[in-house]
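Enquirer: Supplied in structure tokens, the structure appears directly below.
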Amino acid sequence: MTSYPRIAIIGAGPAGLTLARILHQGGLTTTVFEREEHALARPQGGTLDLHVESGQLALRQAGLYEEFLQIARYEDQGSRLYDKDGTLLFADDEADESDRPEVDRTALRQILLASLPPEIIRWNHGLREVRPGEDGTYDLILENGTAGPFDLVVGADGSWSKVRPLVSHYRPQYSGISFIEFGIDDVDASHPDLAALVGRGKIGVEADGRGMIVQRNGNSHIRGYAIFRVPVDWADKAFDFASPAKARAQLAAEFEGWAPNIVGLIEASNDHIVSRPIYALPVGHRWHNRIGITLLGDAAHVMSPFGGEGVNAAMLDAADLGRQLLEGDDWKNAVKAYETDMFERVIEPAEHAADAVATELSHLGAELSLQHYKAHLEARQGAAAA
């Protein structure tokens, strides 16, 4: 590389940290700015399945594949379908030989953080604005000061990126589906009956215009999502999130008439009950290259979670950008080449994710049959295979 860019990465999620690690290995210093106060300031979300051709490939490029194997849960890849009466309609409990093992987001983040010098991460540095300078560099206007100048600012700051407006006017649009997240701690010891219901993987139930996905996470934790086809502001009106006990009772009441053990998954949940409306950017979202600015992951192409591609696409973005920067003779051309390749690469998984949302919307309108579920499962698997 003939010139050395000063690089700022916005966001210490999987994509930002993967890029920082790959560049650090290659001798390029970066600075990662993260709004959270520290690595465990908030729950990092549920379990992820990392694909060989994307998420796992990125970890291999980052030199962290052996560390990944230590946190990978190959035994938790099963899938079950129940009807609302608690009857098991479909089970794939022999999935431990699949090549898409589950990992917890927190564990994934920890192995990435452990691979970087601590001084690279600037915690408690929330971004307010990226300000262009007259000389083509950029300053970061942060909640607690300023930083810069930087030659390249990489937005890895998620769906509501503060970097994206410098290259694109698009904002994520509501899909029509909202999740209400809940969880059960120490489920194997405290609720063995519910642990057995979920098994080693995830379960799905859909009926009466609503649904539920419940997944086994690491450390005997279960995370669930109640699914509703509703207006974007419905959850804030329907649930008193300021009172977890009230919100829990209100959520359980939405499933009145369902089997007691399925409703029991909500009744046994802890006080972390939150609304997660599902947003996405348009399929084919792209921008004209602007020297010194680029995007990774959800900042570039946020998709619905039904395709299972989000974190995998994000980490592959990081791997591709890292490779281009390390192998290219000019960093500006390297960024442009990354964007050109990424725009085309994400079209198919984004289309599959959009199709999966459409399938989910249609299924939430009617009682789910085994035939419907198999079509639904094929749509999700098709998206994951893309």
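Quick note on naming: the chains in the structure tokens go A, B, ... in the order shown, residues restart at 1 in each chain, and ligands are numbered from 1 in order of appearance.
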Report as a tab-separated table the residues of segment 125-178 of chain A within 8 Å of segment 19-41 of chain A, each with its shortest atom pair and distance in Å (one decimal), using only C-alpha atoms, ordered by chain and increasing residue number.

Expert:
residue	atom	partner	partner_atom	distance
A:His125	CA	A:Arg35	CA	4.7
A:Gly126	CA	A:Arg35	CA	3.7
A:Leu127	CA	A:Arg35	CA	7.0

Enquirer: Output N, CA and C atoms for every residue in the selection just made, as a short mmCIF file (atom, residue, chain, number, x, y, z; two decimals), in the first residue's frame.

Expert:
data_model
loop_
_atom_site.label_atom_id
_atom_site.label_comp_id
_atom_site.auth_asym_id
_atom_site.auth_seq_id
_atom_site.Cartn_x
_atom_site.Cartn_y
_atom_site.Cartn_z
N HIS A 125 -17.94 6.61 23.68
CA HIS A 125 -17.70 7.61 22.66
C HIS A 125 -18.80 7.52 21.60
N GLY A 126 -20.00 7.93 21.97
CA GLY A 126 -21.10 7.91 21.02
C GLY A 126 -20.93 8.99 19.95
N LEU A 127 -21.22 8.61 18.71
CA LEU A 127 -21.06 9.54 17.58
C LEU A 127 -22.32 10.38 17.40
#

Enquirer: Compile the contact shell of Ile293 of chain A as a list in words: residues with an atom at most 8 Å away, counting only C-alpha atoms, same-chain residues fewer than 4 positions apart removed.

Expert: Leu152, Val153, Val154, Gly155, Val163, Leu166, Val167 and Asn289 of chain A

Enquirer: Segment 169-175 of chain A: which residues within 7 Å, counting only C-alpha atoms, same-chain residues fewer than 3 positions away excluded, as JSON, numbers by chain?

Expert: {"A": [159, 165, 232, 278, 279, 280, 281]}

Enquirer: Would you give me, as JSON lines, each residue of segment 52-121 of chain A having an atom within 12 Å of an atom of segment 178-198 of chain A, along with its shortest atom pair and that distance in Å to one decimal, using only C-alpha atoms and sorting by chain and residue number?

Expert:
{"residue": "A:Asp76", "atom": "CA", "partner": "A:Val198", "partner_atom": "CA", "distance": 10.4}
{"residue": "A:Gln77", "atom": "CA", "partner": "A:Val198", "partner_atom": "CA", "distance": 11.5}
{"residue": "A:Gly78", "atom": "CA", "partner": "A:Val198", "partner_atom": "CA", "distance": 9.3}
{"residue": "A:Ser79", "atom": "CA", "partner": "A:Val198", "partner_atom": "CA", "distance": 8.7}
{"residue": "A:Arg80", "atom": "CA", "partner": "A:Val198", "partner_atom": "CA", "distance": 7.7}
{"residue": "A:Leu81", "atom": "CA", "partner": "A:Val198", "partner_atom": "CA", "distance": 9.7}
{"residue": "A:Tyr82", "atom": "CA", "partner": "A:Leu197", "partner_atom": "CA", "distance": 9.5}
{"residue": "A:Gly86", "atom": "CA", "partner": "A:Leu197", "partner_atom": "CA", "distance": 9.2}
{"residue": "A:Thr87", "atom": "CA", "partner": "A:Leu197", "partner_atom": "CA", "distance": 10.6}
{"residue": "A:Leu88", "atom": "CA", "partner": "A:Leu197", "partner_atom": "CA", "distance": 9.5}
{"residue": "A:Ala91", "atom": "CA", "partner": "A:Val198", "partner_atom": "CA", "distance": 10.6}
{"residue": "A:Asp92", "atom": "CA", "partner": "A:Val198", "partner_atom": "CA", "distance": 11.8}
{"residue": "A:Asp93", "atom": "CA", "partner": "A:Val198", "partner_atom": "CA", "distance": 10.4}

Enquirer: Please return, as number ranges by chain, all residues of segment 143-204 of chain A that DSSP assigns to strand (DSSP E) on the basis of the backbone.

Expert: A: 145-150, 152-155, 173-184, 201-204

Enquirer: Could you dump the residues just selected with N, CA, C and O atoms as a short mmCIF file (atom, residue, chain, number, x, y, z; two decimals), in the first residue's frame?

Expert:
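Resulting contents of part_13.cif:
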data_model
loop_
_atom_site.label_atom_id
_atom_site.label_comp_id
_atom_site.auth_asym_id
_atom_site.auth_seq_id
_atom_site.Cartn_x
_atom_site.Cartn_y
_atom_site.Cartn_z
N GLY A 145 -16.92 15.06 23.07
CA GLY A 145 -15.78 15.77 22.50
C GLY A 145 -15.67 15.55 21.00
O GLY A 145 -16.65 15.23 20.32
N THR A 146 -14.47 15.70 20.48
CA THR A 146 -14.21 15.50 19.06
C THR A 146 -13.00 14.60 18.89
O THR A 146 -12.18 14.45 19.81
N ALA A 147 -12.88 14.02 17.71
CA ALA A 147 -11.71 13.20 17.38
C ALA A 147 -11.44 13.35 15.89
O ALA A 147 -12.34 13.54 15.09
N GLY A 148 -10.17 13.23 15.53
CA GLY A 148 -9.80 13.33 14.13
C GLY A 148 -8.56 14.19 13.96
O GLY A 148 -7.94 14.60 14.94
N PRO A 149 -8.19 14.46 12.72
CA PRO A 149 -8.90 14.06 11.51
C PRO A 149 -8.62 12.62 11.10
O PRO A 149 -7.59 12.05 11.49
N PHE A 150 -9.56 12.04 10.32
CA PHE A 150 -9.41 10.70 9.79
C PHE A 150 -9.54 10.74 8.27
O PHE A 150 -10.33 11.53 7.73
N LEU A 152 -10.34 7.86 6.55
CA LEU A 152 -11.40 6.91 6.22
C LEU A 152 -12.25 6.67 7.46
O LEU A 152 -11.72 6.29 8.51
N VAL A 153 -13.55 6.89 7.35
CA VAL A 153 -14.50 6.60 8.42
C VAL A 153 -15.40 5.45 7.94
O VAL A 153 -16.05 5.57 6.90
N VAL A 154 -15.40 4.37 8.71
CA VAL A 154 -16.18 3.18 8.36
C VAL A 154 -17.37 3.10 9.30
O VAL A 154 -17.22 2.93 10.51
N GLY A 155 -18.56 3.21 8.76
CA GLY A 155 -19.77 3.10 9.56
C GLY A 155 -20.16 1.65 9.75
O GLY A 155 -20.65 1.00 8.84
N GLN A 173 -37.04 0.95 6.62
CA GLN A 173 -38.50 1.02 6.65
C GLN A 173 -39.07 -0.13 7.47
O GLN A 173 -38.54 -1.25 7.45
N TYR A 174 -40.17 0.16 8.16
CA TYR A 174 -40.81 -0.85 9.00
C TYR A 174 -41.40 -1.96 8.13
O TYR A 174 -42.07 -1.69 7.13
N SER A 175 -41.18 -3.20 8.54
CA SER A 175 -41.59 -4.36 7.75
C SER A 175 -43.05 -4.74 7.94
O SER A 175 -43.60 -5.51 7.15
N GLY A 176 -43.68 -4.25 9.01
CA GLY A 176 -45.03 -4.69 9.35
C GLY A 176 -45.06 -5.72 10.45
O GLY A 176 -46.13 -6.12 10.91
N ILE A 177 -43.87 -6.16 10.90
CA ILE A 177 -43.76 -7.19 11.93
C ILE A 177 -43.00 -6.61 13.12
O ILE A 177 -41.98 -5.94 12.96
N SER A 178 -43.50 -6.88 14.32
CA SER A 178 -42.80 -6.49 15.55
C SER A 178 -42.57 -7.71 16.43
O SER A 178 -43.44 -8.60 16.52
N PHE A 179 -41.41 -7.76 17.04
CA PHE A 179 -41.07 -8.78 18.03
C PHE A 179 -41.18 -8.17 19.43
O PHE A 179 -40.86 -6.99 19.62
N ILE A 180 -41.60 -8.98 20.38
CA ILE A 180 -41.44 -8.66 21.79
C ILE A 180 -40.48 -9.70 22.36
O ILE A 180 -40.78 -10.89 22.36
N GLU A 181 -39.33 -9.24 22.81
CA GLU A 181 -38.29 -10.15 23.29
C GLU A 181 -38.46 -10.44 24.78
O GLU A 181 -38.77 -9.54 25.56
N PHE A 182 -38.25 -11.70 25.15
CA PHE A 182 -38.26 -12.10 26.56
C PHE A 182 -37.23 -13.21 26.74
O PHE A 182 -36.69 -13.74 25.76
N GLY A 183 -36.92 -13.56 27.98
CA GLY A 183 -35.92 -14.59 28.22
C GLY A 183 -36.10 -15.28 29.55
O GLY A 183 -36.72 -14.73 30.47
N ILE A 184 -35.55 -16.49 29.66
CA ILE A 184 -35.60 -17.27 30.89
C ILE A 184 -34.17 -17.62 31.28
O ILE A 184 -33.42 -18.18 30.49
N GLY A 201 -32.08 -26.31 20.53
CA GLY A 201 -32.19 -25.48 19.34
C GLY A 201 -33.29 -24.46 19.51
O GLY A 201 -33.32 -23.73 20.49
N LYS A 202 -34.23 -24.44 18.57
CA LYS A 202 -35.30 -23.45 18.63
C LYS A 202 -36.63 -24.11 18.33
O LYS A 202 -36.71 -25.18 17.71
N ILE A 203 -37.70 -23.43 18.77
CA ILE A 203 -39.04 -23.88 18.44
C ILE A 203 -39.79 -22.72 17.80
O ILE A 203 -39.46 -21.55 17.99
N GLY A 204 -40.81 -23.07 17.01
CA GLY A 204 -41.69 -22.08 16.41
C GLY A 204 -43.14 -22.48 16.64
O GLY A 204 -43.49 -23.66 16.62
#

Enquirer: Just the number, please: distance in Å from atom CA of Glu67 of chain A to atom CA of Glu119 of chain A, one decimal.

Expert: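 Between atom CA of Glu67 of chain A and atom CA of Glu119 of chain A the gap works out to 21.5 Å.
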
Enquirer: List every residue of segment 203-336 of chain A that DSSP, applied to the backbone of this structure, assigns to alpha helix (DSSP H), and report them as a PyMOL selection string.

Expert: chain A and resi 234-238+244-253+260-267+298-301+310-327+331-336

Enquirer: Taking only C-alpha atoms into account, produce a table as a Markdown table in which each residue of segment 326-366 of chain A with an atom at most 12 Å from an atom of segment 50-65 of chain A appears once, together with its shortest atom pair and the distance in Å to one decimal, ordered by chain and rising number.

Expert:
| residue | atom | partner | partner_atom | distance |
| --- | --- | --- | --- | --- |
| A:Leu326 | CA | A:Gln61 | CA | 11.9 |
| A:Arg345 | CA | A:Ser54 | CA | 11.2 |
| A:Val346 | CA | A:Ser54 | CA | 11.5 |
| A:Pro349 | CA | A:Ser54 | CA | 11.8 |

Enquirer: Which neighbours of Phe241 of chain A fall inside 8 Å, counting only C-alpha atoms, when residues of the same chain fewer than 5 positions from it are skipped, and could you give them as an NGL selection string?

Expert: :A and (236 or 246-247 or 273-274)

Enquirer: Dump as a Markdown table the rows for residues of segment 76-115 of chain A within 10 Å of segment 9-16 of chain A: closest atom pair and distance in Å with one decimal, only C-alpha atoms counted, ordered by chain and rising residue number.

Expert:
| residue | atom | partner | partner_atom | distance |
| --- | --- | --- | --- | --- |
| A:Arg105 | CA | A:Pro14 | CA | 8.3 |
| A:Thr106 | CA | A:Pro14 | CA | 9.8 |
| A:Leu108 | CA | A:Pro14 | CA | 7.4 |
| A:Arg109 | CA | A:Pro14 | CA | 6.2 |
| A:Gln110 | CA | A:Pro14 | CA | 9.8 |
| A:Leu112 | CA | A:Pro14 | CA | 7.7 |
| A:Leu113 | CA | A:Ala12 | CA | 8.7 |

Enquirer: Deliver the residues from the most recent selection as a file, using N, CA, C and O atoms, as a PDB file, in the first residue's frame.

Expert:
ATOM      1  N   ARG A 105     -23.914 -13.917  20.993  1.00  0.00           N
ATOM      2  CA  ARG A 105     -23.334 -12.639  20.559  1.00  0.00           C
ATOM      3  C   ARG A 105     -22.269 -12.145  21.540  1.00  0.00           C
ATOM      4  O   ARG A 105     -21.218 -11.652  21.128  1.00  0.00           O
ATOM      5  N   THR A 106     -22.551 -12.280  22.836  1.00  0.00           N
ATOM      6  CA  THR A 106     -21.593 -11.792  23.828  1.00  0.00           C
ATOM      7  C   THR A 106     -20.280 -12.557  23.740  1.00  0.00           C
ATOM      8  O   THR A 106     -19.194 -11.965  23.803  1.00  0.00           O
ATOM      9  N   LEU A 108     -19.058 -14.130  21.107  1.00  0.00           N
ATOM     10  CA  LEU A 108     -18.391 -13.747  19.866  1.00  0.00           C
ATOM     11  C   LEU A 108     -17.681 -12.413  20.030  1.00  0.00           C
ATOM     12  O   LEU A 108     -16.523 -12.244  19.622  1.00  0.00           O
ATOM     13  N   ARG A 109     -18.369 -11.482  20.642  1.00  0.00           N
ATOM     14  CA  ARG A 109     -17.752 -10.167  20.847  1.00  0.00           C
ATOM     15  C   ARG A 109     -16.520 -10.267  21.747  1.00  0.00           C
ATOM     16  O   ARG A 109     -15.521  -9.582  21.515  1.00  0.00           O
ATOM     17  N   GLN A 110     -16.587 -11.140  22.751  1.00  0.00           N
ATOM     18  CA  GLN A 110     -15.463 -11.251  23.682  1.00  0.00           C
ATOM     19  C   GLN A 110     -14.210 -11.786  23.009  1.00  0.00           C
ATOM     20  O   GLN A 110     -13.105 -11.312  23.291  1.00  0.00           O
ATOM     21  N   LEU A 112     -13.403 -11.410  19.908  1.00  0.00           N
ATOM     22  CA  LEU A 112     -12.910 -10.338  19.049  1.00  0.00           C
ATOM     23  C   LEU A 112     -12.204  -9.268  19.880  1.00  0.00           C
ATOM     24  O   LEU A 112     -11.108  -8.802  19.528  1.00  0.00           O
ATOM     25  N   LEU A 113     -12.809  -8.870  20.994  1.00  0.00           N
ATOM     26  CA  LEU A 113     -12.189  -7.855  21.850  1.00  0.00           C
ATOM     27  C   LEU A 113     -10.857  -8.337  22.423  1.00  0.00           C
ATOM     28  O   LEU A 113      -9.892  -7.570  22.496  1.00  0.00           O
TER      29      LEU A 113
END

Enquirer: For Pro305 of chain A, find every residue with an atom within 12 Å (counting only C-alpha atoms), except residues of its own chain fewer than 5 positions away, and show them as a PyMOL selection string.

Expert: chain A and resi 46-49+175+177-179+213+225+276-280+298+310-313+349-350+352-357+360+380+383-384

Enquirer: Residues as selected, C-alpha atoms, written as a PDB file, in the first residue's frame, can you do that?

Expert:
ATOM      1  CA  GLY A  46     -29.454 -13.718  21.200  1.00  0.00           C
ATOM      2  CA  THR A  47     -27.768 -16.643  19.559  1.00  0.00           C
ATOM      3  CA  LEU A  48     -26.322 -16.524  16.046  1.00  0.00           C
ATOM      4  CA  ASP A  49     -25.621 -19.225  13.499  1.00  0.00           C
ATOM      5  CA  SER A 175     -41.590  -4.363   7.753  1.00  0.00           C
ATOM      6  CA  ILE A 177     -43.757  -7.186  11.934  1.00  0.00           C
ATOM      7  CA  SER A 178     -42.803  -6.495  15.555  1.00  0.00           C
ATOM      8  CA  PHE A 179     -41.071  -8.778  18.028  1.00  0.00           C
ATOM      9  CA  ILE A 213     -39.830 -18.231  18.258  1.00  0.00           C
ATOM     10  CA  TYR A 225     -39.611 -13.549  20.550  1.00  0.00           C
ATOM     11  CA  ARG A 276     -38.123  -4.931  18.617  1.00  0.00           C
ATOM     12  CA  PRO A 277     -39.926  -3.684  15.491  1.00  0.00           C
ATOM     13  CA  ILE A 278     -38.338  -5.187  12.389  1.00  0.00           C
ATOM     14  CA  TYR A 279     -36.900  -2.760   9.841  1.00  0.00           C
ATOM     15  CA  ALA A 280     -35.031  -3.219   6.567  1.00  0.00           C
ATOM     16  CA  ASP A 298     -26.635  -3.201   8.932  1.00  0.00           C
ATOM     17  CA  GLY A 310     -27.421 -10.344   9.062  1.00  0.00           C
ATOM     18  CA  VAL A 311     -24.294 -10.968  11.131  1.00  0.00           C
ATOM     19  CA  ASN A 312     -22.829 -13.273   8.479  1.00  0.00           C
ATOM     20  CA  ALA A 313     -23.146 -10.651   5.749  1.00  0.00           C
ATOM     21  CA  PRO A 349     -29.584 -12.731   0.568  1.00  0.00           C
ATOM     22  CA  ALA A 350     -31.517  -9.456   0.897  1.00  0.00           C
ATOM     23  CA  HIS A 352     -34.436 -13.999   0.373  1.00  0.00           C
ATOM     24  CA  ALA A 353     -34.827 -12.062   3.628  1.00  0.00           C
ATOM     25  CA  ALA A 354     -37.547  -9.898   2.055  1.00  0.00           C
ATOM     26  CA  ASP A 355     -39.315 -13.010   0.755  1.00  0.00           C
ATOM     27  CA  ALA A 356     -39.127 -14.532   4.241  1.00  0.00           C
ATOM     28  CA  VAL A 357     -40.837 -11.441   5.672  1.00  0.00           C
ATOM     29  CA  GLU A 360     -44.110 -14.544   7.695  1.00  0.00           C
ATOM     30  CA  ARG A 380     -35.787 -19.505   5.652  1.00  0.00           C
ATOM     31  CA  ALA A 383     -32.296 -17.396   2.528  1.00  0.00           C
ATOM     32  CA  ALA A 384     -29.654 -18.936   4.764  1.00  0.00           C
TER      33      ALA A 384
END

Enquirer: Which residue, A:Ile120, A:Leu361, A:Ala252, A:Leu295, has the smallest gap to Gly264 of chain A when you use only C-alpha atoms?

Expert: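 Under the stated criterion, the closest residue is A:Ala252.
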